[in-house]
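Structure data (PDB, C-alpha atoms and all ligand atoms) from my_file_17.pdb:
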MODEL        1
ATOM      1  CA  MET A   1      -2.811  33.313  30.546  1.00  0.00           C
ATOM      2  CA  THR A   2      -0.425  34.893  32.991  1.00  0.00           C
ATOM      3  CA  GLU A   3       3.084  33.458  33.396  1.00  0.00           C
ATOM      4  CA  SER A   4       2.199  31.678  36.631  1.00  0.00           C
ATOM      5  CA  GLN A   5      -0.864  30.134  34.985  1.00  0.00           C
ATOM      6  CA  LYS A   6       1.338  28.975  32.123  1.00  0.00           C
ATOM      7  CA  ASP A   7       3.757  27.338  34.563  1.00  0.00           C
ATOM      8  CA  ARG A   8       0.925  25.616  36.320  1.00  0.00           C
ATOM      9  CA  TYR A   9      -0.542  24.509  32.962  1.00  0.00           C
ATOM     10  CA  ARG A  10       2.757  22.863  32.101  1.00  0.00           C
ATOM     11  CA  SER A  11       3.424  21.210  35.458  1.00  0.00           C
ATOM     12  CA  ASP A  12      -0.036  20.316  36.811  1.00  0.00           C
ATOM     13  CA  ALA A  13      -1.780  17.617  34.790  1.00  0.00           C
ATOM     14  CA  ASP A  14      -5.137  17.963  36.588  1.00  0.00           C
ATOM     15  CA  TYR A  15      -5.147  21.691  36.049  1.00  0.00           C
ATOM     16  CA  ARG A  16      -4.254  21.165  32.402  1.00  0.00           C
ATOM     17  CA  GLU A  17      -7.130  18.722  31.898  1.00  0.00           C
ATOM     18  CA  LYS A  18      -9.530  21.098  33.594  1.00  0.00           C
ATOM     19  CA  GLN A  19      -8.436  23.994  31.406  1.00  0.00           C
ATOM     20  CA  LYS A  20      -8.657  21.895  28.281  1.00  0.00           C
ATOM     21  CA  ARG A  21     -12.182  20.786  29.192  1.00  0.00           C
ATOM     22  CA  ALA A  22     -13.259  24.329  29.933  1.00  0.00           C
ATOM     23  CA  SER A  23     -11.932  25.656  26.658  1.00  0.00           C
ATOM     24  CA  LYS A  24     -13.540  22.771  24.777  1.00  0.00           C
ATOM     25  CA  GLU A  25     -16.892  23.521  26.415  1.00  0.00           C
ATOM     26  CA  TYR A  26     -16.502  27.173  25.593  1.00  0.00           C
ATOM     27  CA  TYR A  27     -15.726  26.233  21.982  1.00  0.00           C
ATOM     28  CA  GLU A  28     -18.763  23.922  21.698  1.00  0.00           C
ATOM     29  CA  LYS A  29     -20.972  26.656  23.052  1.00  0.00           C
ATOM     30  CA  HIS A  30     -19.732  29.386  20.710  1.00  0.00           C
ATOM     31  CA  ARG A  31     -18.653  27.472  17.640  1.00  0.00           C
ATOM     32  CA  ASP A  32     -21.520  28.752  15.473  1.00  0.00           C
ATOM     33  CA  ASP A  33     -21.001  32.364  16.470  1.00  0.00           C
ATOM     34  CA  PRO A  34     -19.298  34.047  13.466  1.00  0.00           C
ATOM     35  CA  GLU A  35     -17.667  36.699  15.662  1.00  0.00           C
ATOM     36  CA  PHE A  36     -16.121  33.990  17.856  1.00  0.00           C
ATOM     37  CA  ARG A  37     -14.915  32.043  14.808  1.00  0.00           C
ATOM     38  CA  LYS A  38     -13.319  35.099  13.306  1.00  0.00           C
ATOM     39  CA  LYS A  39     -11.476  35.932  16.535  1.00  0.00           C
ATOM     40  CA  ARG A  40     -10.363  32.365  16.946  1.00  0.00           C
ATOM     41  CA  ASN A  41      -9.055  32.160  13.377  1.00  0.00           C
ATOM     42  CA  GLU A  42      -7.158  35.403  13.811  1.00  0.00           C
ATOM     43  CA  ALA A  43      -5.672  34.224  17.082  1.00  0.00           C
ATOM     44  CA  SER A  44      -4.509  30.925  15.635  1.00  0.00           C
ATOM     45  CA  LEU A  45      -3.059  32.626  12.545  1.00  0.00           C
ATOM     46  CA  ALA A  46      -1.193  35.067  14.763  1.00  0.00           C
ATOM     47  CA  TRP A  47       0.074  32.197  16.890  1.00  0.00           C
ATOM     48  CA  ALA A  48       1.240  30.311  13.797  1.00  0.00           C
ATOM     49  CA  LYS A  49       3.062  33.403  12.584  1.00  0.00           C
ATOM     50  CA  ARG A  50       4.902  33.706  15.887  1.00  0.00           C
ATOM     51  CA  ASN A  51       5.685  29.980  16.047  1.00  0.00           C
ATOM     52  CA  ARG A  52       6.330  28.991  12.453  1.00  0.00           C
ATOM     53  CA  THR A  53       8.368  25.857  13.137  1.00  0.00           C
ATOM     54  CA  GLN A  54       5.991  24.538  15.755  1.00  0.00           C
ATOM     55  CA  ALA A  55       2.993  25.374  13.565  1.00  0.00           C
ATOM     56  CA  SER A  56       4.340  23.483  10.560  1.00  0.00           C
ATOM     57  CA  GLN A  57       5.282  20.583  12.818  1.00  0.00           C
ATOM     58  CA  ASN A  58       1.730  20.518  14.175  1.00  0.00           C
ATOM     59  CA  VAL A  59       0.272  20.502  10.675  1.00  0.00           C
ATOM     60  CA  ALA A  60       2.662  17.731   9.620  1.00  0.00           C
ATOM     61  CA  GLN A  61       1.737  15.710  12.710  1.00  0.00           C
ATOM     62  CA  ARG A  62      -2.006  16.080  12.058  1.00  0.00           C
ATOM     63  CA  GLN A  63      -1.513  15.072   8.409  1.00  0.00           C
ATOM     64  CA  LYS A  64       0.492  12.057   9.495  1.00  0.00           C
ATOM     65  CA  GLU A  65      -2.218  10.935  11.908  1.00  0.00           C
ATOM     66  CA  ARG A  66      -4.909  11.389   9.280  1.00  0.00           C
ATOM     67  CA  TYR A  67      -2.801   9.472   6.762  1.00  0.00           C
ATOM     68  CA  GLN A  68      -2.666   6.511   9.135  1.00  0.00           C
ATOM     69  CA  ARG A  69      -6.326   6.668  10.092  1.00  0.00           C
ATOM     70  CA  ASP A  70      -8.194   7.624   6.901  1.00  0.00           C
ATOM     71  CA  PRO A  71      -7.843   5.237   3.930  1.00  0.00           C
ATOM     72  CA  GLU A  72      -9.489   7.646   1.485  1.00  0.00           C
ATOM     73  CA  TYR A  73      -7.088  10.435   2.449  1.00  0.00           C
ATOM     74  CA  ARG A  74      -4.195   7.977   2.170  1.00  0.00           C
ATOM     75  CA  ALA A  75      -5.233   6.953  -1.353  1.00  0.00           C
ATOM     76  CA  LYS A  76      -5.538  10.603  -2.352  1.00  0.00           C
ATOM     77  CA  ILE A  77      -2.077  11.505  -1.036  1.00  0.00           C
ATOM     78  CA  ARG A  78      -0.509   8.445  -2.648  1.00  0.00           C
ATOM     79  CA  GLN A  79      -2.078   9.283  -6.001  1.00  0.00           C
ATOM     80  CA  ARG A  80      -0.850  12.864  -5.713  1.00  0.00           C
ATOM     81  CA  GLN A  81       2.684  11.658  -4.939  1.00  0.00           C
ATOM     82  CA  LYS A  82       2.552   9.256  -7.879  1.00  0.00           C
ATOM     83  CA  ASP A  83       1.414  11.999 -10.260  1.00  0.00           C
ATOM     84  CA  LYS A  84       4.148  14.300  -9.022  1.00  0.00           C
ATOM     85  CA  TYR A  85       6.726  11.539  -9.353  1.00  0.00           C
ATOM     86  CA  ASN A  86       5.678  10.875 -12.946  1.00  0.00           C
ATOM     87  CA  SER A  87       5.415  14.485 -14.038  1.00  0.00           C
ATOM     88  CA  ASP A  88       8.251  16.224 -12.175  1.00  0.00           C
ATOM     89  CA  PRO A  89      11.728  14.892 -13.115  1.00  0.00           C
ATOM     90  CA  GLU A  90      13.423  16.881 -10.365  1.00  0.00           C
ATOM     91  CA  PHE A  91      11.130  15.447  -7.727  1.00  0.00           C
ATOM     92  CA  GLN A  92      11.695  11.990  -9.191  1.00  0.00           C
ATOM     93  CA  ALA A  93      15.478  12.387  -9.030  1.00  0.00           C
ATOM     94  CA  ARG A  94      15.248  13.591  -5.411  1.00  0.00           C
ATOM     95  CA  ARG A  95      13.112  10.616  -4.418  1.00  0.00           C
ATOM     96  CA  ILE A  96      15.438   8.149  -6.122  1.00  0.00           C
ATOM     97  CA  GLN A  97      18.455   9.713  -4.407  1.00  0.00           C
ATOM     98  CA  ALA A  98      16.717   9.699  -1.025  1.00  0.00           C
ATOM     99  CA  HIS A  99      15.873   6.041  -1.480  1.00  0.00           C
ATOM    100  CA  LYS A 100      19.483   5.225  -2.442  1.00  0.00           C
ATOM    101  CA  ASP A 101      20.777   7.052   0.636  1.00  0.00           C
ATOM    102  CA  TYR A 102      18.308   5.173   2.790  1.00  0.00           C
ATOM    103  CA  ALA A 103      19.349   1.815   1.300  1.00  0.00           C
ATOM    104  CA  GLU A 104      22.997   2.654   1.788  1.00  0.00           C
ATOM    105  CA  ARG A 105      22.440   3.677   5.403  1.00  0.00           C
ATOM    106  CA  LEU A 106      20.742   0.393   6.194  1.00  0.00           C
ATOM    107  CA  GLY A 107      23.108  -1.788   4.121  1.00  0.00           C
ATOM    108  CA  PRO A 108      22.443  -5.530   4.425  1.00  0.00           C
ATOM    109  CA  VAL A 109      19.463  -4.855   6.700  1.00  0.00           C
ATOM    110  CA  TYR A 110      17.828  -3.045   3.791  1.00  0.00           C
ATOM    111  CA  LEU A 111      18.414  -5.939   1.392  1.00  0.00           C
ATOM    112  CA  GLU A 112      17.011  -8.431   3.856  1.00  0.00           C
ATOM    113  CA  ARG A 113      14.028  -6.216   4.545  1.00  0.00           C
ATOM    114  CA  THR A 114      13.159  -5.731   0.848  1.00  0.00           C
ATOM    115  CA  ARG A 115      13.624  -9.431   0.195  1.00  0.00           C
ATOM    116  CA  MET A 116      11.276 -10.314   3.061  1.00  0.00           C
ATOM    117  CA  SER A 117       8.610  -7.819   2.094  1.00  0.00           C
ATOM    118  CA  ALA A 118       8.738  -8.910  -1.565  1.00  0.00           C
ATOM    119  CA  LYS A 119       8.324 -12.506  -0.422  1.00  0.00           C
ATOM    120  CA  LYS A 120       5.397 -11.561   1.797  1.00  0.00           C
ATOM    121  CA  ARG A 121       3.684  -9.703  -1.053  1.00  0.00           C
ATOM    122  CA  LEU A 122       4.263 -12.611  -3.396  1.00  0.00           C
ATOM    123  CA  ASP A 123       2.878 -15.196  -0.924  1.00  0.00           C
ATOM    124  CA  LYS A 124      -0.170 -13.056  -0.338  1.00  0.00           C
ATOM    125  CA  ALA A 125      -0.801 -12.499  -4.065  1.00  0.00           C
ATOM    126  CA  TRP A 126      -0.360 -16.197  -4.822  1.00  0.00           C
ATOM    127  CA  ASP A 127      -2.811 -17.031  -2.055  1.00  0.00           C
ATOM    128  CA  GLU A 128      -5.338 -14.655  -3.658  1.00  0.00           C
ATOM    129  CA  VAL A 129      -4.904 -16.540  -6.945  1.00  0.00           C
ATOM    130  CA  LEU A 130      -5.433 -19.912  -5.253  1.00  0.00           C
ATOM    131  CA  ALA A 131      -8.477 -18.562  -3.401  1.00  0.00           C
ATOM    132  CA  VAL A 132     -10.059 -17.666  -6.770  1.00  0.00           C
ATOM    133  CA  TYR A 133      -8.942 -20.570  -8.984  1.00  0.00           C
ATOM    134  CA  GLY A 134      -8.772 -23.364  -6.415  1.00  0.00           C
ATOM    135  CA  ARG A 135      -6.059 -24.972  -4.325  1.00  0.00           C
ATOM    136  CA  ILE A 136      -5.867 -28.124  -6.361  1.00  0.00           C
ATOM    137  CA  CYS A 137      -4.603 -29.278  -9.764  1.00  0.00           C
ATOM    138  CA  THR A 138      -7.667 -29.349 -12.005  1.00  0.00           C
ATOM    139  CA  CYS A 139      -6.179 -32.278 -13.936  1.00  0.00           C
ATOM    140  CA  CYS A 140      -4.780 -34.782 -11.449  1.00  0.00           C
ATOM    141  CA  GLY A 141      -6.001 -33.446  -8.104  1.00  0.00           C
ATOM    142  CA  GLU A 142      -2.566 -32.716  -6.668  1.00  0.00           C
ATOM    143  CA  SER A 143      -3.145 -30.434  -3.689  1.00  0.00           C
ATOM    144  CA  ASN A 144       0.317 -29.964  -2.204  1.00  0.00           C
ATOM    145  CA  PRO A 145       0.629 -26.165  -2.550  1.00  0.00           C
ATOM    146  CA  ALA A 146       4.349 -26.452  -3.328  1.00  0.00           C
ATOM    147  CA  PHE A 147       3.504 -28.222  -6.623  1.00  0.00           C
ATOM    148  CA  LEU A 148       0.795 -25.850  -7.800  1.00  0.00           C
ATOM    149  CA  THR A 149       1.284 -23.436 -10.703  1.00  0.00           C
ATOM    150  CA  LEU A 150      -0.795 -21.034 -12.743  1.00  0.00           C
ATOM    151  CA  HIS A 151      -1.637 -22.336 -16.201  1.00  0.00           C
ATOM    152  CA  HIS A 152      -2.534 -19.971 -19.042  1.00  0.00           C
ATOM    153  CA  LYS A 153      -5.175 -21.595 -21.195  1.00  0.00           C
ATOM    154  CA  ILE A 154      -5.186 -18.769 -23.755  1.00  0.00           C
ATOM    155  CA  GLY A 155      -1.869 -17.662 -25.200  1.00  0.00           C
ATOM    156  CA  SER A 156       1.424 -17.617 -23.316  1.00  0.00           C
ATOM    157  CA  ALA A 157       2.309 -16.166 -19.938  1.00  0.00           C
ATOM    158  CA  ASP A 158       4.371 -13.491 -21.721  1.00  0.00           C
ATOM    159  CA  GLU A 159       1.406 -12.458 -23.846  1.00  0.00           C
ATOM    160  CA  ASP A 160      -0.781 -12.292 -20.783  1.00  0.00           C
ATOM    161  CA  ARG A 161       1.694 -10.077 -18.932  1.00  0.00           C
ATOM    162  CA  MET A 162       1.778  -7.832 -21.981  1.00  0.00           C
ATOM    163  CA  ARG A 163      -2.006  -7.646 -21.816  1.00  0.00           C
ATOM    164  CA  LEU A 164      -2.190  -6.877 -18.086  1.00  0.00           C
ATOM    165  CA  LEU A 165       1.057  -5.030 -17.340  1.00  0.00           C
ATOM    166  CA  GLY A 166       2.006  -3.604 -20.745  1.00  0.00           C
ATOM    167  CA  ARG A 167       5.264  -5.556 -20.773  1.00  0.00           C
ATOM    168  CA  SER A 168       6.053  -9.197 -21.314  1.00  0.00           C
ATOM    169  CA  THR A 169       9.023  -9.584 -19.016  1.00  0.00           C
ATOM    170  CA  CYS A 170       8.198  -9.527 -15.378  1.00  0.00           C
ATOM    171  CA  HIS A 171      10.805  -8.658 -12.799  1.00  0.00           C
ATOM    172  CA  SER A 172      10.296 -10.590  -9.587  1.00  0.00           C
ATOM    173  CA  ASN A 173       9.183  -7.521  -7.641  1.00  0.00           C
ATOM    174  CA  MET A 174       6.395  -6.970 -10.177  1.00  0.00           C
ATOM    175  CA  TYR A 175       5.235 -10.543 -10.216  1.00  0.00           C
ATOM    176  CA  SER A 176       3.016 -10.138  -7.168  1.00  0.00           C
ATOM    177  CA  GLY A 177       1.289  -7.217  -8.918  1.00  0.00           C
ATOM    178  CA  TYR A 178       0.678  -9.461 -11.918  1.00  0.00           C
ATOM    179  CA  LEU A 179      -0.747 -12.241  -9.731  1.00  0.00           C
ATOM    180  CA  ARG A 180      -3.078  -9.820  -7.985  1.00  0.00           C
ATOM    181  CA  LYS A 181      -4.442  -8.811 -11.388  1.00  0.00           C
ATOM    182  CA  VAL A 182      -4.893 -12.443 -12.358  1.00  0.00           C
ATOM    183  CA  ALA A 183      -6.861 -12.990  -9.136  1.00  0.00           C
ATOM    184  CA  GLU A 184      -8.956  -9.869  -9.729  1.00  0.00           C
ATOM    185  CA  GLN A 185      -9.946 -11.082 -13.187  1.00  0.00           C
ATOM    186  CA  ALA A 186     -11.434 -14.348 -11.876  1.00  0.00           C
ATOM    187  CA  ASP A 187     -11.334 -15.468 -15.520  1.00  0.00           C
ATOM    188  CA  HIS A 188     -11.717 -19.235 -15.500  1.00  0.00           C
ATOM    189  CA  GLU A 189     -11.720 -19.362 -19.302  1.00  0.00           C
ATOM    190  CA  ARG A 190      -8.200 -18.009 -19.267  1.00  0.00           C
ATOM    191  CA  TYR A 191      -6.549 -19.414 -16.157  1.00  0.00           C
ATOM    192  CA  GLU A 192      -6.536 -22.619 -14.172  1.00  0.00           C
ATOM    193  CA  ILE A 193      -4.407 -24.160 -11.461  1.00  0.00           C
ATOM    194  CA  LEU A 194      -2.335 -27.137 -12.536  1.00  0.00           C
ATOM    195  CA  CYS A 195       0.428 -28.955 -10.739  1.00  0.00           C
ATOM    196  CA  TYR A 196       3.893 -28.502 -12.168  1.00  0.00           C
ATOM    197  CA  ASN A 197       3.754 -31.886 -13.873  1.00  0.00           C
ATOM    198  CA  CYS A 198       0.426 -31.312 -15.571  1.00  0.00           C
ATOM    199  CA  ASN A 199       1.354 -27.754 -16.534  1.00  0.00           C
ATOM    200  CA  CYS A 200       4.566 -28.906 -18.240  1.00  0.00           C
ATOM    201  CA  GLY A 201       2.812 -31.849 -19.852  1.00  0.00           C
ATOM    202  CA  THR A 202       0.016 -29.618 -21.123  1.00  0.00           C
ATOM    203  CA  SER A 203       2.254 -26.833 -22.367  1.00  0.00           C
ATOM    204  CA  HIS A 204       5.140 -28.693 -23.930  1.00  0.00           C
ATOM    205  CA  ARG A 205       4.045 -32.196 -24.732  1.00  0.00           C
ATOM    206  CA  GLY A 206       0.336 -32.432 -25.198  1.00  0.00           C
ATOM    207  CA  ASN A 207      -0.667 -29.576 -27.497  1.00  0.00           C
ATOM    208  CA  GLY A 208      -2.764 -28.049 -24.758  1.00  0.00           C
ATOM    209  CA  VAL A 209      -3.908 -31.406 -23.439  1.00  0.00           C
ATOM    210  CA  CYS A 210      -2.280 -33.055 -20.423  1.00  0.00           C
ATOM    211  CA  PRO A 211      -0.744 -36.496 -21.196  1.00  0.00           C
ATOM    212  CA  HIS A 212      -2.955 -37.737 -18.319  1.00  0.00           C
ATOM    213  CA  LYS A 213      -5.900 -37.210 -20.641  1.00  0.00           C
ATOM    214  CA  ILE A 214      -4.408 -38.858 -23.700  1.00  0.00           C
ATOM    215  CA  ALA A 215      -4.989 -42.587 -23.851  1.00  0.00           C
ATOM    216  CA  PRO A 216      -1.655 -44.448 -23.956  1.00  0.00           C
TER     217      PRO A 216
HETATM  218 ZN    ZN A 301      -1.602 -32.341 -11.906  1.00  0.00          ZN
HETATM  219 ZN    ZN A 302      -2.470 -34.000 -15.779  1.00  0.00          ZN
ENDMDL
END
Before we go any further, please render this structure as C-alpha cells.
Amino acid sequence: MTESQKDRYRSDADYREKQKRASKEYYEKHRDDPEFRKKRNEASLAWAKRNRTQASQNVAQRQKERYQRDPEYRAKIRQRQKDKYNSDPEFQARRIQAHKDYAERLGPVYLERTRMSAKKRLDKAWDEVLAVYGRICTCCGESNPAFLTLHHKIGSADEDRMRLLGRSTCHSNMYSGYLRKVAEQADHERYEILCYNCNCGTSHRGNGVCPHKIAP
C-alpha cells in the first residue's frame, strides 16, 4: 500500500471494508497454493518482527477471545496453569503475591466480592445436592429449604470429607466443592436429606434412628 492508500484505509470505513473483503477473497482463492502460503507466512513473520509489541498483543488478544469462546481450550489452559502452579514454586509465589496486591488494591470491595461469590457457589452447590437427594426431609416431610440438611448415613461427615477431599476439616470456601462431589455421587445409600430436627435426633439421640420412628 502507498502512504495515501494507508491514510484512506485508516479514515474511510467503506474503503476499509472493501479492501478487507478483497483480500479475504484473494486468500480464499489461493489458500491451498503452497507458494502463496509460504509468501504469506514470510510476510506475517516479517511484520511481527518489525512490530513485536503489537504482534504479541494481537496473539494475546486472540488467545483471550478463544479462552472465552472455547470451553475445551479453557479447560486445557486452566489445567496447564494448575500444573505450573503446583510444580513451580517461583510461579506459585508470584501468583500469591499478585493476588495479595490485587486484594489490597480493592480493599473492602475485594472482601465483599469474595464473600458474595463464595455464597453464590455454595447456594448453587447446595441446590445441586437438593436436586439429587430431594427437597424434603425423608423422615418428617419438612420442605422449608431453610431447615434442610445433609445427613450422612454411613460414618461421620468428617470421615466422608476425608474420603472425598483427602482432609476432614472443611474450610467454608471448600464446602461448595465438597457438596458438588456429594451431588455427583448420587449415592442414596450414603446420603439423605433430613431437616435439622430429624438430623440431630438421628445423629445424637436415636442411634441412627430418628426419635420420630421410635414408639414413645
Ligand atoms: Zn424432619
Ligand atoms: Zn424425624
| task | Take the PyMOL selection byres (((not hetatm)) within 6 of (chain A and resi 301)), apply it to the structure above, and return the hits as JSON, numbers by chain. | result | {"A": [137, 139, 140, 141, 142, 194, 195, 197, 198]}
Q.
Can you measure atom CA of Ser143 of chain A to atom CA of Thr169 of chain A for me? One decimal in Å is fine.
A.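 Value for the atom CA of Ser143 of chain A-atom CA of Thr169 of chain A distance: 28.6 Å.
For the file shown, the residue list from the PyMOL selection byres (((chain A and resi 124-132) around 8) and not hetatm) reads A:Lys120, A:Arg121, A:Leu122, A:Asp123, A:Tyr133, A:Gly134, A:Arg135, A:Ser176, A:Gly177, A:Leu179, A:Arg180, A:Val182, A:Ala183, A:Ala186, A:Ile193.
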Kindly save the residues from that selection, with C-alpha atoms included, as a PDB file, keeping the file's coordinate frame.
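Generated file (part.pdb):
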ATOM      1  CA  LYS A 120       5.397 -11.561   1.797  1.00  0.00           C
ATOM      2  CA  ARG A 121       3.684  -9.703  -1.053  1.00  0.00           C
ATOM      3  CA  LEU A 122       4.263 -12.611  -3.396  1.00  0.00           C
ATOM      4  CA  ASP A 123       2.878 -15.196  -0.924  1.00  0.00           C
ATOM      5  CA  TYR A 133      -8.942 -20.570  -8.984  1.00  0.00           C
ATOM      6  CA  GLY A 134      -8.772 -23.364  -6.415  1.00  0.00           C
ATOM      7  CA  ARG A 135      -6.059 -24.972  -4.325  1.00  0.00           C
ATOM      8  CA  SER A 176       3.016 -10.138  -7.168  1.00  0.00           C
ATOM      9  CA  GLY A 177       1.289  -7.217  -8.918  1.00  0.00           C
ATOM     10  CA  LEU A 179      -0.747 -12.241  -9.731  1.00  0.00           C
ATOM     11  CA  ARG A 180      -3.078  -9.820  -7.985  1.00  0.00           C
ATOM     12  CA  VAL A 182      -4.893 -12.443 -12.358  1.00  0.00           C
ATOM     13  CA  ALA A 183      -6.861 -12.990  -9.136  1.00  0.00           C
ATOM     14  CA  ALA A 186     -11.434 -14.348 -11.876  1.00  0.00           C
ATOM     15  CA  ILE A 193      -4.407 -24.160 -11.461  1.00  0.00           C
TER      16      ILE A 193
END
Judged by all atoms listed in the file, the minimum distance to ligand ZN 302 (chain A) among A:Tyr73, A:Tyr196, A:Tyr85, A:Tyr27 is found for A:Tyr196
- Task: Please measure the separation of atom CA of Arg115 of chain A and atom CA of Tyr102 of chain A, giving the value in Å to one decimal.
- Result: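 The value is 15.6 Å.
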Exercise on segment 163-178 of chain A, axis-aligned box with 6 Å per side, report centre and edge lengths in Å to one decimal, as AutoDock Vina command-line options:
--center_x 4.3 --center_y -7.1 --center_z -14.5 --size_x 25.0 --size_y 19.0 --size_z 26.6
Between A:His30, A:Lys213, A:Arg78, A:Arg21, smallest distance to ligand ZN 302 (chain A) by all atoms listed in the file belongs to A:Lys213
Atom-to-atom span, atom CA of Asp160 of chain A and atom CA of Gln185 of chain A, Å: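 Answer for the atom CA of Asp160 of chain A to atom CA of Gln185 of chain A separation: 12.0 Å.
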Which residue gives the smallest distance to ligand ZN 302 (chain A) among A:Ser11, A:Gln92, A:Asn207, A:Asn199, with all atoms listed in the file counted?
->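 That would be A:Asn199, the residue with the smallest distance to ligand ZN 302 (chain A).
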Check: Of the candidates A:Lys49, A:His171, A:Thr138, A:Glu90, which one gets nearest to ligand ZN 302 (chain A) if we count all atoms listed in the file?
Finding: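 Going through A:Lys49, A:His171, A:Thr138, A:Glu90 one by one, the smallest distance to ligand ZN 302 (chain A) is for A:Thr138.
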- Item | Selection: 12 Å around segment 1-5 of chain A, all atoms listed in the file, excl. self and same-chain fewer than 2 positions, as a list in words |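 Neighbouring residues, sequence-local ones excluded: Asp7, Arg8, Tyr9, Arg10, Ser11, Asp12, Tyr15, Arg16 and Gln19 of chain A.
Using only C-alpha atoms and all ligand atoms, the smallest distance between any of A:Ile136, A:Lys181, A:Glu189, A:Gln68 and ligand ZN 302 (chain A) comes from A:Ile136.
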- Query: With distances taken over all atoms listed in the file, which of A:Met162, A:Leu148, A:Ala75, A:Ala98 is nearest to ligand ZN 302 (chain A)?
  - Reply: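 With all atoms listed in the file as the atom set, the closest residue is A:Leu148.
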Selection result for the PyMOL selection byres (((chain A and resi 156) around 12) and not hetatm) on this file, as a PDB file with C-alpha atoms, in the coordinates of the input:
ATOM      1  CA  LEU A 150      -0.795 -21.034 -12.743  1.00  0.00           C
ATOM      2  CA  HIS A 151      -1.637 -22.336 -16.201  1.00  0.00           C
ATOM      3  CA  HIS A 152      -2.534 -19.971 -19.042  1.00  0.00           C
ATOM      4  CA  LYS A 153      -5.175 -21.595 -21.195  1.00  0.00           C
ATOM      5  CA  ILE A 154      -5.186 -18.769 -23.755  1.00  0.00           C
ATOM      6  CA  GLY A 155      -1.869 -17.662 -25.200  1.00  0.00           C
ATOM      7  CA  ALA A 157       2.309 -16.166 -19.938  1.00  0.00           C
ATOM      8  CA  ASP A 158       4.371 -13.491 -21.721  1.00  0.00           C
ATOM      9  CA  GLU A 159       1.406 -12.458 -23.846  1.00  0.00           C
ATOM     10  CA  ASP A 160      -0.781 -12.292 -20.783  1.00  0.00           C
ATOM     11  CA  ARG A 161       1.694 -10.077 -18.932  1.00  0.00           C
ATOM     12  CA  MET A 162       1.778  -7.832 -21.981  1.00  0.00           C
ATOM     13  CA  ARG A 163      -2.006  -7.646 -21.816  1.00  0.00           C
ATOM     14  CA  SER A 168       6.053  -9.197 -21.314  1.00  0.00           C
ATOM     15  CA  THR A 169       9.023  -9.584 -19.016  1.00  0.00           C
ATOM     16  CA  ARG A 190      -8.200 -18.009 -19.267  1.00  0.00           C
ATOM     17  CA  TYR A 191      -6.549 -19.414 -16.157  1.00  0.00           C
ATOM     18  CA  SER A 203       2.254 -26.833 -22.367  1.00  0.00           C
ATOM     19  CA  HIS A 204       5.140 -28.693 -23.930  1.00  0.00           C
ATOM     20  CA  GLY A 208      -2.764 -28.049 -24.758  1.00  0.00           C
TER      21      GLY A 208
END
